[in-house]
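Pasting coords07.cif here (mmCIF, C-alpha atoms and all ligand atoms):
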data_run
loop_
_atom_site.label_atom_id
_atom_site.label_comp_id
_atom_site.auth_asym_id
_atom_site.auth_seq_id
_atom_site.Cartn_x
_atom_site.Cartn_y
_atom_site.Cartn_z
CA MET A 1 7.32 -18.04 2.96
CA THR A 2 7.05 -19.07 -0.66
CA ILE A 3 4.02 -18.07 -2.63
CA THR A 4 2.56 -21.35 -3.75
CA GLY A 5 -0.87 -20.39 -4.94
CA GLN A 6 -2.31 -23.15 -2.77
CA GLU A 7 -4.77 -21.82 -0.27
CA ASN A 8 -3.88 -23.02 3.18
CA LYS A 9 -6.34 -24.15 5.84
CA PHE A 10 -6.18 -20.79 7.61
CA GLU A 11 -9.60 -19.32 8.37
CA TRP A 12 -9.91 -15.60 7.59
CA THR A 13 -12.35 -13.81 9.91
CA ARG A 14 -11.89 -10.07 9.31
CA LYS A 15 -14.63 -8.29 7.38
CA HIS A 16 -12.63 -5.04 7.40
CA LEU A 17 -9.04 -4.39 6.39
CA LEU A 18 -8.17 -1.20 8.22
CA GLY A 19 -4.43 -1.61 8.68
CA LEU A 20 -1.58 -4.10 8.86
CA ARG A 21 -0.48 -3.23 12.39
CA GLN A 22 -3.06 -5.58 13.88
CA LEU A 23 -2.56 -8.45 11.41
CA SER A 24 -0.60 -11.60 12.28
CA ALA A 25 2.09 -13.13 10.06
CA ASP A 26 -0.37 -15.99 9.33
CA GLU A 27 -3.01 -13.53 8.16
CA LEU A 28 -0.50 -11.73 5.93
CA ASN A 29 0.64 -15.03 4.42
CA HIS A 30 -2.96 -16.08 3.84
CA ILE A 31 -3.58 -12.90 1.82
CA PHE A 32 -0.47 -13.64 -0.29
CA ALA A 33 -1.52 -17.24 -0.89
CA THR A 34 -5.00 -16.06 -1.92
CA ALA A 35 -3.48 -13.42 -4.23
CA ALA A 36 -1.32 -16.07 -5.88
CA GLY A 37 -4.48 -17.98 -6.72
CA PHE A 38 -6.01 -14.88 -8.34
CA GLU A 39 -2.90 -13.97 -10.29
CA GLN A 40 -3.65 -16.52 -13.00
CA ILE A 41 -7.02 -14.93 -13.80
CA SER A 42 -5.23 -11.95 -15.36
CA THR A 43 -3.43 -14.26 -17.77
CA ARG A 44 -6.60 -15.86 -19.15
CA SER A 45 -8.37 -14.63 -22.26
CA VAL A 46 -11.56 -14.14 -20.19
CA LYS A 47 -10.24 -12.19 -17.22
CA LYS A 48 -13.18 -12.67 -14.87
CA ALA A 49 -14.17 -14.91 -11.97
CA PRO A 50 -17.54 -15.01 -10.21
CA PRO A 51 -16.88 -14.71 -6.40
CA LEU A 52 -18.38 -11.21 -6.02
CA ARG A 53 -21.23 -11.59 -8.52
CA GLY A 54 -24.27 -9.69 -7.22
CA LYS A 55 -22.16 -7.74 -4.73
CA VAL A 56 -21.72 -3.97 -4.80
CA VAL A 57 -18.35 -2.35 -4.17
CA VAL A 58 -18.14 1.42 -3.72
CA ASN A 59 -14.90 3.31 -4.19
CA LEU A 60 -15.23 6.08 -1.63
CA PHE A 61 -12.30 8.37 -2.41
CA PHE A 62 -12.13 11.67 -0.54
CA GLU A 63 -8.53 12.21 -1.72
CA ASP A 64 -7.00 12.08 -5.20
CA SER A 65 -5.74 8.78 -6.53
CA THR A 66 -4.89 7.22 -9.86
CA ARG A 67 -3.30 3.82 -9.28
CA THR A 68 -5.08 2.75 -6.13
CA ARG A 69 -8.58 3.65 -7.32
CA THR A 70 -8.25 2.14 -10.79
CA SER A 71 -6.61 -0.96 -9.32
CA PHE A 72 -9.52 -1.49 -6.90
CA THR A 73 -12.03 -0.86 -9.71
CA LEU A 74 -10.37 -3.43 -11.92
CA ALA A 75 -9.97 -5.91 -9.04
CA ALA A 76 -13.68 -5.64 -8.18
CA SER A 77 -14.71 -5.99 -11.80
CA ARG A 78 -12.49 -9.07 -12.32
CA LEU A 79 -14.40 -10.62 -9.41
CA SER A 80 -17.71 -9.74 -11.16
CA ALA A 81 -18.89 -7.12 -8.62
CA ASP A 82 -20.90 -4.01 -9.52
CA ILE A 83 -18.85 -0.89 -8.82
CA ILE A 84 -19.86 2.61 -7.80
CA GLU A 85 -17.23 5.32 -8.19
CA PHE A 86 -17.48 8.11 -5.66
CA THR A 87 -15.11 11.05 -5.59
CA LYS A 88 -15.24 14.07 -3.33
CA LYS A 89 -15.30 16.58 -6.18
CA SER A 90 -18.33 15.14 -7.93
CA SER A 91 -20.38 14.39 -4.81
CA SER A 92 -22.46 16.18 -2.20
CA VAL A 93 -19.41 16.26 0.07
CA SER A 94 -18.51 19.45 -1.75
CA LYS A 95 -21.93 20.73 -0.57
CA GLY A 96 -21.04 19.99 3.05
CA GLU A 97 -22.38 16.47 3.62
CA THR A 98 -20.69 14.75 6.56
CA LEU A 99 -18.63 11.59 6.24
CA LEU A 100 -21.21 9.63 8.20
CA ASP A 101 -24.15 10.91 6.10
CA THR A 102 -22.34 10.01 2.89
CA ALA A 103 -21.56 6.52 4.16
CA LYS A 104 -25.08 5.93 5.57
CA ASN A 105 -26.66 6.99 2.27
CA LEU A 106 -24.45 4.66 0.29
CA GLU A 107 -25.27 1.89 2.72
CA ALA A 108 -28.99 2.51 2.20
CA MET A 109 -28.38 1.60 -1.44
CA GLY A 110 -27.20 -1.82 -0.29
CA ILE A 111 -23.45 -1.71 -0.78
CA ASP A 112 -21.40 -4.69 0.36
CA ILE A 113 -17.84 -3.32 0.42
CA ALA A 114 -16.64 0.27 0.84
CA VAL A 115 -13.07 1.03 -0.26
CA VAL A 116 -12.20 4.23 1.58
CA ARG A 117 -9.46 6.82 1.10
CA HIS A 118 -9.46 9.90 3.30
CA SER A 119 -7.02 12.60 4.38
CA ALA A 120 -8.02 12.08 8.02
CA GLY A 121 -6.37 9.21 9.85
CA GLY A 122 -9.01 6.88 11.33
CA ALA A 123 -11.75 7.71 8.77
CA PRO A 124 -12.09 4.11 7.46
CA ASP A 125 -12.23 2.81 11.03
CA PHE A 126 -14.95 5.36 11.87
CA ILE A 127 -16.99 4.27 8.84
CA SER A 128 -16.55 0.59 9.68
CA ARG A 129 -18.04 1.17 13.12
CA ASN A 130 -21.08 2.93 11.69
CA ILE A 131 -22.15 0.90 8.66
CA ASP A 132 -22.80 -2.75 8.08
CA ALA A 133 -20.72 -3.18 4.92
CA CYS A 134 -17.10 -4.37 4.80
CA VAL A 135 -14.55 -1.55 4.82
CA VAL A 136 -11.14 -1.63 3.13
CA ASN A 137 -8.70 1.19 3.89
CA ALA A 138 -7.21 2.63 0.69
CA GLY A 139 -5.07 5.17 2.58
CA ASP A 140 -5.98 7.26 5.64
CA GLY A 141 -3.98 10.39 6.47
CA PHE A 142 -0.46 9.49 7.60
CA CYS A 143 -1.68 6.26 9.24
CA GLU A 144 -1.94 3.23 6.98
CA HIS A 145 -2.23 2.13 3.37
CA PRO A 146 -2.53 -1.61 3.88
CA THR A 147 -3.10 -2.79 0.31
CA GLN A 148 -0.09 -0.79 -0.92
CA ALA A 149 2.20 -2.50 1.59
CA LEU A 150 0.66 -5.90 0.81
CA LEU A 151 1.38 -5.49 -2.88
CA ASP A 152 4.87 -4.22 -2.09
CA ILE A 153 5.66 -7.29 -0.01
CA TYR A 154 4.02 -9.59 -2.54
CA THR A 155 6.31 -8.07 -5.21
CA ILE A 156 9.35 -8.67 -3.01
CA LEU A 157 8.25 -12.27 -2.38
CA LYS A 158 7.89 -12.84 -6.13
CA ASN A 159 11.54 -11.82 -6.49
CA ARG A 160 13.05 -13.09 -3.23
CA GLN A 161 10.95 -15.99 -1.81
CA SER A 162 11.10 -14.85 1.83
CA MET A 163 11.09 -11.67 3.91
CA GLU A 164 13.02 -13.34 6.74
CA GLY A 165 16.32 -11.53 7.34
CA LEU A 166 15.86 -9.21 4.35
CA LYS A 167 17.25 -5.69 4.78
CA VAL A 168 14.89 -2.97 3.54
CA ALA A 169 15.58 0.78 3.42
CA ILE A 170 12.52 3.03 3.20
CA VAL A 171 13.77 6.42 2.07
CA GLY A 172 12.49 9.98 2.13
CA ASP A 173 9.39 11.63 3.48
CA ILE A 174 8.64 9.11 6.21
CA ALA A 175 6.82 11.64 8.39
CA HIS A 176 3.91 11.98 5.95
CA SER A 177 3.91 8.44 4.64
CA ARG A 178 1.18 5.93 5.38
CA VAL A 179 2.97 3.63 2.93
CA ALA A 180 6.09 3.62 5.15
CA ARG A 181 4.02 2.84 8.24
CA SER A 182 2.05 -0.06 6.74
CA ASN A 183 5.22 -1.53 5.27
CA MET A 184 7.05 -1.18 8.58
CA TRP A 185 4.34 -3.07 10.50
CA ALA A 186 4.05 -5.89 8.00
CA MET A 187 7.68 -6.29 6.93
CA THR A 188 8.99 -6.48 10.49
CA LYS A 189 6.27 -8.99 11.39
CA LEU A 190 7.55 -11.19 8.55
CA GLY A 191 11.13 -11.01 9.81
CA ALA A 192 12.64 -8.21 7.69
CA GLU A 193 14.92 -5.52 9.09
CA VAL A 194 13.60 -2.07 8.16
CA THR A 195 15.64 1.14 8.17
CA PHE A 196 13.98 4.53 7.78
CA VAL A 197 16.33 6.85 5.88
CA GLY A 198 15.79 10.59 5.53
CA PRO A 199 16.56 14.01 6.95
CA PRO A 200 15.63 14.48 10.64
CA THR A 201 12.89 16.92 9.58
CA LEU A 202 11.11 14.17 7.63
CA MET A 203 11.21 11.53 10.38
CA PRO A 204 8.01 10.84 12.33
CA ALA A 205 7.74 11.94 15.95
CA GLN A 206 8.97 9.32 18.43
CA VAL A 207 10.60 7.27 15.69
CA ASP A 208 12.75 5.63 18.38
CA LYS A 209 9.61 3.83 19.64
CA LEU A 210 8.99 2.19 16.26
CA PRO A 211 10.41 -1.24 15.28
CA VAL A 212 12.91 0.25 12.81
CA LYS A 213 16.48 1.48 12.56
CA VAL A 214 16.98 5.12 11.60
CA SER A 215 19.67 6.60 9.37
CA HIS A 216 20.27 10.02 7.90
CA SER A 217 22.74 8.77 5.30
CA LEU A 218 21.49 7.02 2.18
CA ASP A 219 25.11 6.58 1.06
CA GLU A 220 25.84 4.40 4.09
CA VAL A 221 22.66 2.36 3.89
CA ILE A 222 22.48 1.75 0.13
CA GLU A 223 25.49 -0.59 0.22
CA LYS A 224 23.88 -2.98 2.68
CA VAL A 225 20.26 -3.40 1.69
CA ASP A 226 18.34 -5.94 -0.40
CA VAL A 227 15.52 -3.52 -1.13
CA VAL A 228 15.49 0.27 -1.47
CA TYR A 229 11.98 1.72 -1.25
CA MET A 230 11.81 5.35 -2.35
CA LEU A 231 8.96 7.57 -1.14
CA ARG A 232 7.48 10.56 -2.86
CA VAL A 233 8.10 13.89 -1.19
CA GLN A 234 4.48 14.74 -0.32
CA PHE A 235 4.55 18.46 -1.02
CA GLU A 236 0.77 18.73 -0.53
CA ARG A 237 1.20 17.66 3.10
CA LEU A 238 4.26 19.72 3.97
CA GLY A 239 3.57 22.70 6.19
CA GLY A 240 6.86 24.58 6.00
CA SER A 241 9.96 23.61 4.09
CA PRO A 242 11.65 20.58 5.64
CA PHE A 243 14.82 20.91 3.52
CA PRO A 244 16.73 23.90 2.14
CA SER A 245 16.10 23.17 -1.55
CA VAL A 246 14.93 20.46 -3.89
CA ARG A 247 18.48 20.19 -5.25
CA GLU A 248 19.88 19.67 -1.82
CA TYR A 249 17.30 16.97 -1.10
CA SER A 250 18.15 15.10 -4.32
CA ARG A 251 21.83 15.33 -3.55
CA TYR A 252 21.54 13.57 -0.22
CA TYR A 253 18.42 11.43 -0.57
CA GLY A 254 17.80 10.98 -4.28
CA LEU A 255 18.32 7.56 -5.85
CA THR A 256 20.71 8.51 -8.64
CA VAL A 257 22.58 6.40 -11.18
CA ASP A 258 25.75 7.29 -9.33
CA ARG A 259 24.44 6.18 -5.95
CA MET A 260 23.17 2.93 -7.46
CA LYS A 261 26.79 2.00 -8.26
CA LYS A 262 27.30 1.39 -4.53
CA ALA A 263 24.25 -0.89 -4.26
CA ARG A 264 24.26 -4.69 -4.32
CA PRO A 265 23.88 -5.87 -7.91
CA ASP A 266 20.63 -7.69 -7.11
CA ILE A 267 18.99 -4.83 -5.16
CA LEU A 268 15.27 -4.24 -5.78
CA VAL A 269 14.23 -0.62 -6.40
CA MET A 270 10.66 0.22 -5.38
CA HIS A 271 8.33 3.24 -5.32
CA PRO A 272 4.56 3.44 -4.63
CA GLY A 273 3.95 6.12 -7.27
CA PRO A 274 3.30 8.82 -8.22
CA ILE A 275 7.00 9.48 -8.88
CA ASN A 276 8.60 12.91 -8.77
CA ARG A 277 11.16 12.06 -11.45
CA GLY A 278 14.49 13.74 -10.85
CA LEU A 279 13.66 14.50 -7.22
CA GLU A 280 13.58 11.31 -5.13
CA ILE A 281 14.62 9.09 -8.02
CA GLU A 282 16.34 9.61 -11.38
CA SER A 283 14.44 8.39 -14.44
CA GLU A 284 17.29 6.05 -15.45
CA VAL A 285 16.93 4.27 -12.10
CA ALA A 286 13.12 4.26 -12.03
CA ASP A 287 13.08 2.70 -15.50
CA GLY A 288 16.29 0.72 -15.02
CA PRO A 289 16.96 -3.01 -14.70
CA ARG A 290 16.74 -3.13 -10.87
CA SER A 291 13.38 -1.37 -10.76
CA VAL A 292 10.28 -3.43 -9.90
CA ILE A 293 7.99 -0.38 -9.82
CA LEU A 294 5.72 -1.63 -12.60
CA GLN A 295 5.64 -5.11 -11.05
CA GLN A 296 4.22 -3.43 -7.93
CA VAL A 297 1.36 -2.04 -10.01
CA LYS A 298 0.81 -5.38 -11.74
CA TYR A 299 0.72 -7.47 -8.56
CA GLY A 300 -1.50 -4.86 -6.88
CA LEU A 301 -4.40 -6.19 -8.85
CA ALA A 302 -4.16 -9.78 -7.57
CA VAL A 303 -3.53 -8.56 -4.02
CA ARG A 304 -6.61 -6.29 -4.07
CA MET A 305 -8.70 -9.09 -5.55
CA ALA A 306 -7.58 -11.25 -2.62
CA VAL A 307 -8.49 -8.58 -0.07
CA LEU A 308 -11.95 -7.93 -1.56
CA PHE A 309 -12.56 -11.66 -1.75
CA LEU A 310 -11.49 -12.33 1.84
CA VAL A 311 -13.41 -9.52 3.54
CA ASN A 312 -16.55 -10.53 1.66
CA GLN A 313 -16.03 -14.16 2.66
CA ALA A 314 -15.77 -13.12 6.33
CA ALA A 315 -18.97 -11.05 6.06
CA VAL A 316 -20.86 -13.93 4.45
CA THR A 317 -19.66 -16.37 7.14
CA GLU A 318 -20.65 -13.88 9.88
CA LYS A 319 -24.24 -13.69 8.57
CA LYS A 320 -24.69 -17.47 8.54
C1 LIG A 401 0.70 6.69 -2.01
C2 LIG A 401 -0.41 7.29 -1.20
O1 LIG A 401 -1.38 7.83 -1.73
O2 LIG A 401 -0.30 7.21 0.01
N1 LIG A 401 0.41 6.45 -3.34
C3 LIG A 401 -0.29 5.35 -3.73
O3 LIG A 401 -1.27 4.97 -3.12
N2 LIG A 401 0.17 4.68 -4.80
C4 LIG A 401 1.97 7.41 -1.84
C5 LIG A 401 2.03 8.83 -2.33
O4 LIG A 401 1.03 9.46 -2.66
O5 LIG A 401 3.15 9.34 -2.35
#

Take the structure I supplied and represent it as structure tokens, if you would.
Amino acid sequence: MTITGQENKFEWTRKHLLGLRQLSADELNHIFATAAGFEQISTRSVKKAPPLRGKVVVNLFFEDSTRTRTSFTLAASRLSADIIEFTKKSSSVSKGETLLDTAKNLEAMGIDIAVVRHSAGGAPDFISRNIDACVVNAGDGFCEHPTQALLDIYTILKNRQSMEGLKVAIVGDIAHSRVARSNMWAMTKLGAEVTFVGPPTLMPAQVDKLPVKVSHSLDEVIEKVDVVYMLRVQFERLGGSPFPSVREYSRYYGLTVDRMKKARPDILVMHPGPINRGLEIESEVADGPRSVILQQVKYGLAVRMAVLFLVNQAAVTEKK
């Protein structure tokens, strides 16, 4: 599909965005078309639009985040919502309050949308079944990170027009990556061919049942792909040591200047951030001419505006 900025006739009915696994290609394309419409707002001198005026968005982050949280805050504020920032460290969660109590108390204050990040897979879904507000998943355990994958695909579409037939390598710590999972579900639905690349110890269980190819050799794959998506090695989630040494990992799975020489000249280099420079990717590549890493951050704003806008629209329609 081409991003036109024209909203199609598609009717969006979901008041929660919990994952991309359950979304259709039409729904994905509707989010991109809506995001394209919002993209222009960021180029105006007054960077605000009124769709969420009088609405309250709470950022409910039980796990650390820089990009995702600030991006949602900015997206909500560009749509004129009031925003409450909630982090685990500065809340009563550190005093033992349960997830449900926290959510119920916030709901009692009349929130409209909860943006939830949690280390437990399924936490946003649990909250959505227990409160009335819209819920947007901002990353749950190893499960899904839908808005990250949406902004990733939107970035690819801005550079490539269509996902159909595109070859994408997602490289590194797949086992612990919700980003890899959300991208896999959505990219394959839009017709891309996804290959998970990494050492066997960093592949998810039953990877053969997923709609992807698997490779343990980045050298073989790098020559063939249109997009190389590098993942952070998530040391905070690693139990034991899944590879002999950091140097060894870089040697086989790092995106180095040398390895880039084998890549197609128009390859797109992506990373969700935060980057471990020198480990999964060399600085010269991360900051180099094929990198679209900062475009990902930029387009994230329009994509998150679209998601907040659409879930609220579905909630408003439901109440009518
Ligand atoms: C990712 C996450 O938190 O899942 N980061 C992000 O949202 N930009 C990936 C990561 O932490 O490695």

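In this structure, atom C3 of ligand LIG 401 (chain A) sits 25.2 Å away from CA of Glu164 (chain A).
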
Determine, for each residue of chain A having at least one atom at most 9 Å from an atom of ligand LIG 401 (chain A), the closest pair of atoms and their separation in Å to one decimal, counting only C-alpha atoms and all ligand atoms; order by chain and ascending number, as JSON lines.
{"residue": "A:Glu63", "atom": "CA", "partner": "A:LIG401", "partner_atom": "O1", "distance": 8.4}
{"residue": "A:Asp64", "atom": "CA", "partner": "A:LIG401", "partner_atom": "O1", "distance": 7.9}
{"residue": "A:Ser65", "atom": "CA", "partner": "A:LIG401", "partner_atom": "O1", "distance": 6.6}
{"residue": "A:Thr66", "atom": "CA", "partner": "A:LIG401", "partner_atom": "N2", "distance": 7.6}
{"residue": "A:Arg67", "atom": "CA", "partner": "A:LIG401", "partner_atom": "N2", "distance": 5.7}
{"residue": "A:Thr68", "atom": "CA", "partner": "A:LIG401", "partner_atom": "O3", "distance": 5.3}
{"residue": "A:Arg69", "atom": "CA", "partner": "A:LIG401", "partner_atom": "O3", "distance": 8.5}
{"residue": "A:Arg117", "atom": "CA", "partner": "A:LIG401", "partner_atom": "O1", "distance": 8.6}
{"residue": "A:Ala138", "atom": "CA", "partner": "A:LIG401", "partner_atom": "O3", "distance": 7.4}
{"residue": "A:Gly139", "atom": "CA", "partner": "A:LIG401", "partner_atom": "O2", "distance": 5.8}
{"residue": "A:Asp140", "atom": "CA", "partner": "A:LIG401", "partner_atom": "O2", "distance": 8.0}
{"residue": "A:Gly141", "atom": "CA", "partner": "A:LIG401", "partner_atom": "O2", "distance": 8.1}
{"residue": "A:Phe142", "atom": "CA", "partner": "A:LIG401", "partner_atom": "O2", "distance": 7.9}
{"residue": "A:Glu144", "atom": "CA", "partner": "A:LIG401", "partner_atom": "O2", "distance": 8.2}
{"residue": "A:His145", "atom": "CA", "partner": "A:LIG401", "partner_atom": "O2", "distance": 6.4}
{"residue": "A:Thr147", "atom": "CA", "partner": "A:LIG401", "partner_atom": "O3", "distance": 8.7}
{"residue": "A:Gln148", "atom": "CA", "partner": "A:LIG401", "partner_atom": "O3", "distance": 6.3}
{"residue": "A:Asp173", "atom": "CA", "partner": "A:LIG401", "partner_atom": "O5", "distance": 8.8}
{"residue": "A:His176", "atom": "CA", "partner": "A:LIG401", "partner_atom": "O2", "distance": 8.7}
{"residue": "A:Ser177", "atom": "CA", "partner": "A:LIG401", "partner_atom": "O2", "distance": 6.4}
{"residue": "A:Arg178", "atom": "CA", "partner": "A:LIG401", "partner_atom": "O2", "distance": 5.7}
{"residue": "A:Val179", "atom": "CA", "partner": "A:LIG401", "partner_atom": "O2", "distance": 5.7}
{"residue": "A:Ala180", "atom": "CA", "partner": "A:LIG401", "partner_atom": "O2", "distance": 9.0}
{"residue": "A:Leu231", "atom": "CA", "partner": "A:LIG401", "partner_atom": "O5", "distance": 6.2}
{"residue": "A:Arg232", "atom": "CA", "partner": "A:LIG401", "partner_atom": "O5", "distance": 4.5}
{"residue": "A:Val233", "atom": "CA", "partner": "A:LIG401", "partner_atom": "O5", "distance": 6.8}
{"residue": "A:Gln234", "atom": "CA", "partner": "A:LIG401", "partner_atom": "O5", "distance": 5.9}
{"residue": "A:His271", "atom": "CA", "partner": "A:LIG401", "partner_atom": "N2", "distance": 8.3}
{"residue": "A:Pro272", "atom": "CA", "partner": "A:LIG401", "partner_atom": "N2", "distance": 4.6}
{"residue": "A:Gly273", "atom": "CA", "partner": "A:LIG401", "partner_atom": "N2", "distance": 4.7}
{"residue": "A:Pro274", "atom": "CA", "partner": "A:LIG401", "partner_atom": "O5", "distance": 5.9}
{"residue": "A:Ile275", "atom": "CA", "partner": "A:LIG401", "partner_atom": "O5", "distance": 7.6}
{"residue": "A:Val297", "atom": "CA", "partner": "A:LIG401", "partner_atom": "N2", "distance": 8.6}

message = Show me, as a PyMOL selection string, the residues that have an atom within 12 Å of region 32-37 of chain A when counting all atoms listed in the file, minus same-chain residues fewer than 5 positions from it.
response = chain A and resi 1-12+25-27+42-43+49+75+147+149-158+161-162+298-311

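Residues in contact with Val93 (chain A) at up to 12 Å, not including ones fewer than 6 positions away on its chain and judged by only C-alpha atoms, are Leu60, Phe61, Phe62, Glu63, Phe86, Thr87, Leu99, Leu100, Asp101, Thr102, Ala103 and Asn105 of chain A.
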
For region 207-219 of chain A: contacts at 6 Å, all atoms listed in the file, fewer than 4 positions along chain excluded, given as number ranges by chain = A: 194-199

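Between CA of Tyr229 (chain A) and CA of Leu268 (chain A) the interatomic distance comes to 8.2 Å.
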
message = Quick one: residues within 12 Å of Val316 (chain A), only C-alpha atoms, excluding same-chain residues fewer than 4 positions away - as a VMD selection string?
response = chain A and resid 12 to 15 51 to 52 55 112 to 113 132 to 134 309 to 312 320

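You will find CA of Arg251 (chain A) at 10.5 Å from CA of Gly278 (chain A).
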
Show me, as a tab-separated table, the residues of region 3-93 of chain A having an atom within 10 Å of region 126-129 of chain A, each with the closest atom pair and its distance in Å, using all atoms listed in the file.
residue	atom	partner	partner_atom	distance
A:Lys15	CA	A:Ser128	CA	9.4
A:His16	CA	A:Ser128	CA	7.2
A:Leu17	CA	A:Ser128	CA	9.6
A:Leu18	CA	A:Ser128	CA	8.7

Restricted to C-alpha atoms, what would the selected residues look like written as a PDB file, in the coordinates of the input?
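Okay, result33.pdb is ready:
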ATOM      1  CA  LYS A  15     -14.630  -8.290   7.380  1.00  0.00           C
ATOM      2  CA  HIS A  16     -12.630  -5.040   7.400  1.00  0.00           C
ATOM      3  CA  LEU A  17      -9.040  -4.390   6.390  1.00  0.00           C
ATOM      4  CA  LEU A  18      -8.170  -1.200   8.220  1.00  0.00           C
TER       5      LEU A  18
END

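Residues with at least one atom no more than 9 Å from (5.9, -9.2, 8.6), using all atoms listed in the file, are Leu23, Ser24, Ala25, Leu28, Asn29, Ile153, Met163, Glu164, Asn183, Met184, Trp185, Ala186, Met187, Thr188, Lys189, Leu190, Gly191 and Ala192 of chain A.
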
Writing out the chosen residues with C-alpha atoms as a short mmCIF file (atom, residue, chain, number, x, y, z; two decimals), in the coordinates of the input:
data_model
loop_
_atom_site.label_atom_id
_atom_site.label_comp_id
_atom_site.auth_asym_id
_atom_site.auth_seq_id
_atom_site.Cartn_x
_atom_site.Cartn_y
_atom_site.Cartn_z
CA LEU A 23 -2.56 -8.45 11.41
CA SER A 24 -0.60 -11.60 12.28
CA ALA A 25 2.09 -13.13 10.06
CA LEU A 28 -0.50 -11.73 5.93
CA ASN A 29 0.64 -15.03 4.42
CA ILE A 153 5.66 -7.29 -0.01
CA MET A 163 11.09 -11.67 3.91
CA GLU A 164 13.02 -13.34 6.74
CA ASN A 183 5.22 -1.53 5.27
CA MET A 184 7.05 -1.18 8.58
CA TRP A 185 4.34 -3.07 10.50
CA ALA A 186 4.05 -5.89 8.00
CA MET A 187 7.68 -6.29 6.93
CA THR A 188 8.99 -6.48 10.49
CA LYS A 189 6.27 -8.99 11.39
CA LEU A 190 7.55 -11.19 8.55
CA GLY A 191 11.13 -11.01 9.81
CA ALA A 192 12.64 -8.21 7.69
#
